[in-house]
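Scroll down for the structure; my scribbles are underneath it.
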Amino acid sequence: MRTPGLVDLQINGFAGVDFNSGTITAAELDRALEAMLATGVTTCLPTIITAHPHELEARFAALDKAVAESRLGPLMCPGYHLEGPFLNPAGGYAGCHPPEAMTAADAGLIAKLEQDLARPILMVTLAPEVAGGIALAAALARLGKVVAIGHAAVDFEIVAAAADAGATLSTHLGNGLPQQMHKLVNPLFAQLAEDRLMAGFIADGIHIHPKALKSLIRAKGLERSILVTDAVVAAGAEPGRYSFAGMPVDLAADGSVRQPGGVSLAGSALKLDDAVRNVVAWGIATPEEAVAMASTHALAAIAGALAKAGIALPESEIAWSPELRVRSVRVGDITREFAAPAAA
């Protein structure tokens, strides 16, 4: 089977490289992107999470410089995803994002962060219920950016208002939520019910139970579902301790990533081709449907933002084995062949 390359809309790091470090180099970025190519990813939005403004500035500046000076960055990284700091700081919603760095919505901060970047911030995840959240969603949508809902205590009315303002996506739906909520009137049902929202799902069997994921994708619809990784520095690396956005995180043998002594997850160690194989193995999708959720559906979610920014992606292609292993991958004029199927 031959398909377009995979597209990861939410990736914080990979192969021991932290995109949020503030010190990332071109060589480090190339190492991460080379490892991602082996998983079939040809396009990604490096994701910067919640931090104080001066930290966000430093992290974006270092990342943008690394992309510009790297071999693979100009081909694979058309822009960035800012997840926060306009999120809900309440327990259960914040996740591993530092609540003390969360703020009211501020379009000026995004403009300041973006002003010196060679590549745009294409996607912003926010909680529309924070002060100024709906207005910011509308302002970003007018600029052609993808507005996503995440780490948010939204109800049906707020979700509808956000969609009216231009929100089109739910970030890692099913996560960034408390363990206990109202059984029906809650942010999960509110976003599932809004047909104007596509939704990203982390299909690692850790963030969402496979049977629950099947229910969520059925409710949202395959055509509106996207596979993402939310991968951090520990993805594609050995179990152990790593630094992610200035905080220690532990990759356990079972593939989960948590802050030391923490209960909630801190991103994932998922590879996008593993997500594709997982949803097929779990009976959620056919191979063609699974690949589409990780490629053409994801691309459709950002197509308008790419067009608004005048960005054309290079052509890409994956050759898959019958077992859905990546045999070869091409992006632009770069091709990688794998003598044996890529390891799980």
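A note on labels: chains of the structure tokens are A, B, ... as shown, every chain counts residues from 1, and ligands are counted from 1 in their shown order.
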Sort by chain and increasing residue number a table of all residues of region 201-289 of chain A within 10 Å of region 47-62 of chain A, each with its closest pair of atoms and their distance in Å to one decimal, counting only C-alpha atoms, and write it as JSON lines.
```
{"residue": "A:Asp230", "atom": "CA", "partner": "A:Thr47", "partner_atom": "CA", "distance": 8.5}
{"residue": "A:Ala231", "atom": "CA", "partner": "A:Thr47", "partner_atom": "CA", "distance": 9.5}
{"residue": "A:Val232", "atom": "CA", "partner": "A:Thr47", "partner_atom": "CA", "distance": 9.5}
{"residue": "A:Phe244", "atom": "CA", "partner": "A:Ile49", "partner_atom": "CA", "distance": 9.9}
{"residue": "A:Ala245", "atom": "CA", "partner": "A:Ile49", "partner_atom": "CA", "distance": 7.7}
{"residue": "A:Gly246", "atom": "CA", "partner": "A:Ala51", "partner_atom": "CA", "distance": 9.7}
```
Please save N, CA and C atoms of the selected residues as a tab-separated table (two decimals), in the first residue's frame.
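The result, written out as out15.tsv:
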```
chain	number	residue	atom	x	y	z
A	230	ASP	N	1.02	13.63	20.58
A	230	ASP	CA	1.36	14.41	21.78
A	230	ASP	C	2.68	13.90	22.35
A	231	ALA	N	3.57	13.44	21.47
A	231	ALA	CA	4.84	12.86	21.89
A	231	ALA	C	5.74	13.91	22.54
A	232	VAL	N	6.51	13.46	23.51
A	232	VAL	CA	7.50	14.31	24.17
A	232	VAL	C	8.89	13.73	23.92
A	244	PHE	N	11.55	17.67	30.02
A	244	PHE	CA	10.55	18.16	29.06
A	244	PHE	C	10.08	19.52	29.52
A	245	ALA	N	10.34	20.55	28.72
A	245	ALA	CA	9.91	21.92	29.02
A	245	ALA	C	10.34	22.34	30.43
A	246	GLY	N	11.54	21.94	30.81
A	246	GLY	CA	12.09	22.35	32.10
A	246	GLY	C	11.65	21.51	33.28
```
Could you find all residues in region 252-344 of chain A that DSSP calls strand (DSSP E or B) from the backbone, and write them as a PDB file with C-alpha atoms, in the first residue's frame?
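The resulting out34.pdb:
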```
ATOM      1  CA  SER A 256       3.580   5.901  29.886  1.00  0.00           C
ATOM      2  CA  VAL A 257       5.226   9.263  30.587  1.00  0.00           C
ATOM      3  CA  ARG A 258       4.660  10.988  33.930  1.00  0.00           C
ATOM      4  CA  LEU A 265       0.272  11.713  32.144  1.00  0.00           C
ATOM      5  CA  ALA A 266       2.841  14.170  30.760  1.00  0.00           C
ATOM      6  CA  GLY A 267       2.524  13.704  27.025  1.00  0.00           C
ATOM      7  CA  SER A 268       3.222  10.375  25.379  1.00  0.00           C
ATOM      8  CA  SER A 316       5.297  12.861   0.187  1.00  0.00           C
ATOM      9  CA  GLU A 317       4.711   9.117   0.004  1.00  0.00           C
ATOM     10  CA  ILE A 318       4.963   6.047   2.224  1.00  0.00           C
ATOM     11  CA  ALA A 319       5.279   2.467   1.053  1.00  0.00           C
ATOM     12  CA  TRP A 320       3.746   0.154   3.668  1.00  0.00           C
ATOM     13  CA  VAL A 326       6.981   1.636   6.936  1.00  0.00           C
ATOM     14  CA  ARG A 327       9.154   0.217   4.139  1.00  0.00           C
ATOM     15  CA  SER A 328      10.103   3.527   2.569  1.00  0.00           C
ATOM     16  CA  VAL A 329       9.219   7.178   2.952  1.00  0.00           C
ATOM     17  CA  ARG A 330       9.707  10.158   0.676  1.00  0.00           C
ATOM     18  CA  VAL A 331       9.328  13.853   1.369  1.00  0.00           C
ATOM     19  CA  ILE A 334      14.567  12.990   0.318  1.00  0.00           C
ATOM     20  CA  THR A 335      13.874   9.250   0.346  1.00  0.00           C
ATOM     21  CA  ARG A 336      14.553   6.762   3.097  1.00  0.00           C
ATOM     22  CA  GLU A 337      14.448   3.006   2.492  1.00  0.00           C
TER      23      GLU A 337
END
```
Quick one: pick out all helix (DSSP H, G or I) residues within region 117-272 of chain A from a backbone DSSP run and write them as a short mmCIF file (atom, residue, chain, number, x, y, z; two decimals) with N, CA and C atoms, in the first residue's frame.
```cif
data_model
loop_
_atom_site.label_atom_id
_atom_site.label_comp_id
_atom_site.auth_asym_id
_atom_site.auth_seq_id
_atom_site.Cartn_x
_atom_site.Cartn_y
_atom_site.Cartn_z
N GLY A 133 -11.37 34.38 25.93
CA GLY A 133 -11.11 33.21 25.10
C GLY A 133 -11.88 33.20 23.79
N ILE A 134 -13.16 33.53 23.83
CA ILE A 134 -13.96 33.52 22.60
C ILE A 134 -13.49 34.61 21.64
N ALA A 135 -13.19 35.78 22.19
CA ALA A 135 -12.70 36.87 21.34
C ALA A 135 -11.37 36.51 20.69
N LEU A 136 -10.50 35.85 21.46
CA LEU A 136 -9.22 35.44 20.88
C LEU A 136 -9.43 34.39 19.79
N ALA A 137 -10.34 33.46 20.03
CA ALA A 137 -10.63 32.45 19.00
C ALA A 137 -11.07 33.12 17.70
N ALA A 138 -11.92 34.13 17.81
CA ALA A 138 -12.39 34.84 16.62
C ALA A 138 -11.25 35.59 15.94
N ALA A 139 -10.39 36.23 16.73
CA ALA A 139 -9.27 36.98 16.16
C ALA A 139 -8.30 36.05 15.44
N LEU A 140 -8.01 34.91 16.05
CA LEU A 140 -7.09 33.96 15.42
C LEU A 140 -7.69 33.38 14.15
N ALA A 141 -8.98 33.07 14.19
CA ALA A 141 -9.63 32.53 13.00
C ALA A 141 -9.59 33.53 11.86
N ARG A 142 -9.77 34.81 12.17
CA ARG A 142 -9.70 35.84 11.12
C ARG A 142 -8.30 35.89 10.50
N PHE A 156 -21.80 22.79 26.58
CA PHE A 156 -22.34 22.80 25.22
C PHE A 156 -22.42 24.21 24.66
N GLU A 157 -22.82 25.17 25.47
CA GLU A 157 -22.98 26.55 25.00
C GLU A 157 -21.63 27.18 24.66
N ILE A 158 -20.63 26.95 25.49
CA ILE A 158 -19.32 27.54 25.23
C ILE A 158 -18.69 26.91 23.99
N VAL A 159 -18.85 25.62 23.84
CA VAL A 159 -18.31 24.96 22.64
C VAL A 159 -18.98 25.52 21.38
N ALA A 160 -20.28 25.70 21.43
CA ALA A 160 -20.98 26.27 20.27
C ALA A 160 -20.49 27.68 19.98
N ALA A 161 -20.29 28.47 21.04
CA ALA A 161 -19.79 29.84 20.85
C ALA A 161 -18.39 29.83 20.27
N ALA A 162 -17.56 28.90 20.72
CA ALA A 162 -16.20 28.81 20.18
C ALA A 162 -16.22 28.41 18.72
N ALA A 163 -17.10 27.47 18.36
CA ALA A 163 -17.21 27.08 16.96
C ALA A 163 -17.76 28.22 16.11
N ASP A 164 -18.71 28.98 16.66
CA ASP A 164 -19.20 30.17 15.97
C ASP A 164 -18.06 31.14 15.71
N ALA A 165 -17.14 31.23 16.67
CA ALA A 165 -16.01 32.17 16.56
C ALA A 165 -14.94 31.67 15.60
N PRO A 187 -17.23 18.50 29.23
CA PRO A 187 -16.49 18.94 28.05
C PRO A 187 -16.33 17.88 26.97
N LEU A 188 -16.29 16.61 27.37
CA LEU A 188 -16.12 15.55 26.39
C LEU A 188 -17.36 15.43 25.50
N PHE A 189 -18.52 15.33 26.11
CA PHE A 189 -19.76 15.22 25.33
C PHE A 189 -20.00 16.50 24.53
N ALA A 190 -19.69 17.64 25.11
CA ALA A 190 -19.92 18.91 24.42
C ALA A 190 -19.12 18.98 23.12
N GLN A 191 -17.88 18.50 23.15
CA GLN A 191 -17.05 18.56 21.94
C GLN A 191 -17.39 17.45 20.96
N LEU A 192 -17.76 16.28 21.47
CA LEU A 192 -18.19 15.21 20.58
C LEU A 192 -19.42 15.62 19.77
N ALA A 193 -20.32 16.37 20.42
CA ALA A 193 -21.59 16.72 19.80
C ALA A 193 -21.47 17.85 18.78
N PRO A 210 -8.68 1.35 24.62
CA PRO A 210 -9.05 1.07 23.23
C PRO A 210 -10.55 1.00 22.98
N LYS A 211 -11.31 0.39 23.89
CA LYS A 211 -12.76 0.31 23.68
C LYS A 211 -13.41 1.68 23.82
N ALA A 212 -12.89 2.50 24.74
CA ALA A 212 -13.41 3.87 24.87
C ALA A 212 -13.08 4.68 23.63
N LEU A 213 -11.87 4.48 23.09
CA LEU A 213 -11.48 5.18 21.87
C LEU A 213 -12.41 4.80 20.72
N LYS A 214 -12.78 3.54 20.65
CA LYS A 214 -13.71 3.10 19.60
C LYS A 214 -15.03 3.85 19.71
N SER A 215 -15.51 4.02 20.94
CA SER A 215 -16.77 4.76 21.15
C SER A 215 -16.62 6.22 20.77
N LEU A 216 -15.49 6.83 21.15
CA LEU A 216 -15.27 8.25 20.86
C LEU A 216 -15.19 8.50 19.36
N ILE A 217 -14.46 7.65 18.65
CA ILE A 217 -14.33 7.84 17.20
C ILE A 217 -15.66 7.57 16.50
N ARG A 218 -16.41 6.60 16.99
CA ARG A 218 -17.75 6.37 16.42
C ARG A 218 -18.62 7.61 16.60
N ALA A 219 -18.53 8.22 17.80
CA ALA A 219 -19.37 9.39 18.07
C ALA A 219 -18.93 10.60 17.24
N LYS A 220 -17.65 10.82 17.13
CA LYS A 220 -17.15 11.97 16.36
C LYS A 220 -17.26 11.71 14.86
N LEU A 222 -15.49 8.92 11.74
CA LEU A 222 -14.15 8.72 11.19
C LEU A 222 -13.68 9.93 10.39
N GLU A 223 -14.61 10.55 9.65
CA GLU A 223 -14.22 11.66 8.78
C GLU A 223 -13.77 12.89 9.56
N ARG A 224 -14.14 12.97 10.85
CA ARG A 224 -13.74 14.11 11.67
C ARG A 224 -12.64 13.74 12.66
N LEU A 272 3.58 7.73 15.54
CA LEU A 272 2.33 7.85 14.78
C LEU A 272 2.02 6.58 13.98
#
```
Residues within 10 Å of Gly150 (chain A), please, as a compact mmCIF listing (two decimals) with N, CA and C atoms, in the first residue's frame. Count only C-alpha atoms; anything in the same chain fewer than 6 positions from it doesn't count.
```txt
# COMPACT_ATOMS: atom_id res chain seq x y z
N GLU A 83 0.32 25.38 22.42
CA GLU A 83 -0.67 24.76 23.30
C GLU A 83 -0.61 25.47 24.65
N GLY A 84 -1.46 26.48 24.83
CA GLY A 84 -1.39 27.32 26.01
C GLY A 84 -0.78 28.65 25.62
N PHE A 86 -3.21 29.90 27.42
CA PHE A 86 -4.59 30.33 27.70
C PHE A 86 -5.46 29.10 27.97
N LEU A 87 -5.09 28.36 29.01
CA LEU A 87 -5.76 27.11 29.37
C LEU A 87 -6.40 27.24 30.74
N ASN A 88 -7.20 26.24 31.11
CA ASN A 88 -7.87 26.25 32.41
C ASN A 88 -6.92 25.69 33.47
N TYR A 93 -7.66 19.73 34.65
CA TYR A 93 -7.65 20.34 33.31
C TYR A 93 -6.24 20.75 32.89
N ALA A 94 -5.42 21.15 33.84
CA ALA A 94 -4.09 21.67 33.51
C ALA A 94 -3.16 20.59 32.97
N VAL A 124 -3.31 27.17 17.51
CA VAL A 124 -3.31 27.58 18.92
C VAL A 124 -4.39 26.77 19.65
N THR A 125 -3.97 26.06 20.70
CA THR A 125 -4.93 25.39 21.57
C THR A 125 -5.22 26.28 22.76
N LEU A 126 -6.49 26.51 23.02
CA LEU A 126 -6.89 27.38 24.13
C LEU A 126 -8.15 26.83 24.79
N ALA A 127 -8.42 27.35 25.98
CA ALA A 127 -9.67 27.05 26.70
C ALA A 127 -10.59 28.23 26.48
N PRO A 128 -11.65 28.10 25.71
CA PRO A 128 -12.46 29.27 25.35
C PRO A 128 -13.18 29.90 26.53
N LEU A 169 -11.28 22.45 15.91
CA LEU A 169 -10.57 21.24 16.31
C LEU A 169 -10.60 21.08 17.82
N SER A 170 -10.60 19.82 18.27
CA SER A 170 -10.40 19.50 19.68
C SER A 170 -9.02 18.87 19.82
N THR A 171 -8.22 19.40 20.73
CA THR A 171 -6.88 18.87 20.98
C THR A 171 -6.96 17.67 21.91
N HIS A 172 -6.32 16.58 21.55
CA HIS A 172 -6.30 15.29 22.29
C HIS A 172 -7.58 15.07 23.09
N LEU A 173 -8.69 14.96 22.36
CA LEU A 173 -10.00 14.81 23.00
C LEU A 173 -10.02 13.55 23.86
N GLY A 174 -10.58 13.69 25.06
CA GLY A 174 -10.59 12.61 26.04
C GLY A 174 -9.51 12.76 27.08
N ASN A 175 -8.58 13.69 26.85
CA ASN A 175 -7.50 13.96 27.81
C ASN A 175 -7.48 15.43 28.17
N GLY A 176 -6.66 15.81 29.16
CA GLY A 176 -6.71 17.17 29.67
C GLY A 176 -8.02 17.42 30.38
N LEU A 177 -8.55 16.36 31.05
CA LEU A 177 -9.83 16.43 31.74
C LEU A 177 -9.71 15.77 33.11
N PRO A 187 -17.23 18.50 29.23
CA PRO A 187 -16.49 18.94 28.05
C PRO A 187 -16.33 17.88 26.97
N GLN A 191 -17.88 18.50 23.15
CA GLN A 191 -17.05 18.56 21.94
C GLN A 191 -17.39 17.45 20.96
```
Next item on the list: Find the spatial neighbours of Arg31 (chain A), counting only C-alpha atoms, within a cut-off of 12 Å - ignore same-chain residues fewer than 3 positions away - and output them as an MDAnalysis selection string.
Entry: chainID A and resid 13:19 24:28 34:38 66:67 70:73 233 236:237
For the selection just defined, write its residues with N, CA, C and O atoms to a file, as a compact mmCIF listing (two decimals), in the first residue's frame.
```txt
# COMPACT_ATOMS: atom_id res chain seq x y z
N GLY A 13 8.37 16.77 21.14
CA GLY A 13 9.75 16.31 21.12
C GLY A 13 9.78 14.87 20.64
O GLY A 13 8.74 14.23 20.49
N PHE A 14 11.00 14.36 20.41
CA PHE A 14 11.11 13.00 19.89
C PHE A 14 12.56 12.55 19.98
O PHE A 14 13.48 13.37 19.85
N ALA A 15 12.75 11.26 20.20
CA ALA A 15 14.08 10.64 20.13
C ALA A 15 15.10 11.32 21.02
O ALA A 15 16.24 11.53 20.63
N GLY A 16 14.67 11.68 22.23
CA GLY A 16 15.57 12.32 23.18
C GLY A 16 15.78 13.80 22.96
O GLY A 16 16.61 14.42 23.65
N VAL A 17 15.04 14.40 22.04
CA VAL A 17 15.16 15.83 21.73
C VAL A 17 13.89 16.54 22.18
O VAL A 17 12.78 16.15 21.81
N ASP A 18 14.05 17.59 22.98
CA ASP A 18 12.92 18.35 23.51
C ASP A 18 12.75 19.64 22.71
O ASP A 18 13.62 20.51 22.74
N PHE A 19 11.64 19.74 21.99
CA PHE A 19 11.38 20.94 21.21
C PHE A 19 11.14 22.15 22.11
O PHE A 19 11.16 23.29 21.63
N ILE A 24 17.42 24.04 21.73
CA ILE A 24 17.50 23.05 20.67
C ILE A 24 18.35 23.56 19.51
O ILE A 24 18.28 24.72 19.12
N THR A 25 19.17 22.66 18.95
CA THR A 25 20.03 23.01 17.83
C THR A 25 19.52 22.36 16.55
O THR A 25 18.68 21.45 16.58
N ALA A 26 20.07 22.80 15.43
CA ALA A 26 19.68 22.22 14.14
C ALA A 26 20.03 20.74 14.09
O ALA A 26 19.27 19.93 13.57
N ALA A 27 21.20 20.37 14.63
CA ALA A 27 21.61 18.96 14.63
C ALA A 27 20.65 18.12 15.45
O ALA A 27 20.30 16.99 15.06
N GLU A 28 20.23 18.62 16.60
CA GLU A 28 19.29 17.89 17.43
C GLU A 28 17.95 17.73 16.73
O GLU A 28 17.34 16.65 16.75
N GLU A 34 14.70 12.86 11.64
CA GLU A 34 15.13 11.64 10.97
C GLU A 34 14.45 10.42 11.61
O GLU A 34 13.97 9.52 10.90
N ALA A 35 14.37 10.42 12.93
CA ALA A 35 13.69 9.33 13.63
C ALA A 35 12.20 9.33 13.33
O ALA A 35 11.57 8.27 13.22
N MET A 36 11.62 10.51 13.17
CA MET A 36 10.20 10.60 12.84
C MET A 36 9.93 10.11 11.42
O MET A 36 8.89 9.49 11.16
N LEU A 37 10.86 10.36 10.50
CA LEU A 37 10.69 9.85 9.14
C LEU A 37 10.55 8.34 9.14
O LEU A 37 9.78 7.77 8.36
N ALA A 38 11.28 7.67 10.01
CA ALA A 38 11.21 6.21 10.09
C ALA A 38 9.84 5.72 10.55
O ALA A 38 9.50 4.56 10.35
N ALA A 66 16.51 26.54 14.77
CA ALA A 66 16.88 25.15 14.48
C ALA A 66 16.21 24.65 13.21
O ALA A 66 16.83 23.97 12.39
N VAL A 67 14.93 24.98 13.03
CA VAL A 67 14.22 24.57 11.83
C VAL A 67 14.88 25.17 10.60
O VAL A 67 15.13 24.48 9.60
N SER A 70 18.36 23.52 9.81
CA SER A 70 18.44 22.07 9.71
C SER A 70 18.22 21.60 8.28
O SER A 70 17.77 22.36 7.41
N ARG A 71 18.54 20.33 8.02
CA ARG A 71 18.32 19.76 6.69
C ARG A 71 16.85 19.44 6.47
O ARG A 71 16.30 19.73 5.40
N LEU A 72 16.20 18.85 7.47
CA LEU A 72 14.84 18.35 7.31
C LEU A 72 13.77 19.34 7.76
O LEU A 72 12.63 19.26 7.30
N GLY A 73 14.12 20.26 8.63
CA GLY A 73 13.13 21.20 9.15
C GLY A 73 12.36 21.96 8.07
O GLY A 73 11.12 22.02 8.11
N VAL A 233 9.87 14.33 24.55
CA VAL A 233 11.27 13.97 24.37
C VAL A 233 11.53 12.47 24.51
O VAL A 233 12.43 11.92 23.86
N GLY A 236 10.38 7.38 21.20
CA GLY A 236 11.47 6.86 20.40
C GLY A 236 12.77 6.75 21.15
O GLY A 236 13.85 6.70 20.55
N ALA A 237 12.69 6.71 22.49
CA ALA A 237 13.88 6.63 23.34
C ALA A 237 13.70 5.50 24.35
O ALA A 237 12.64 4.89 24.45
```
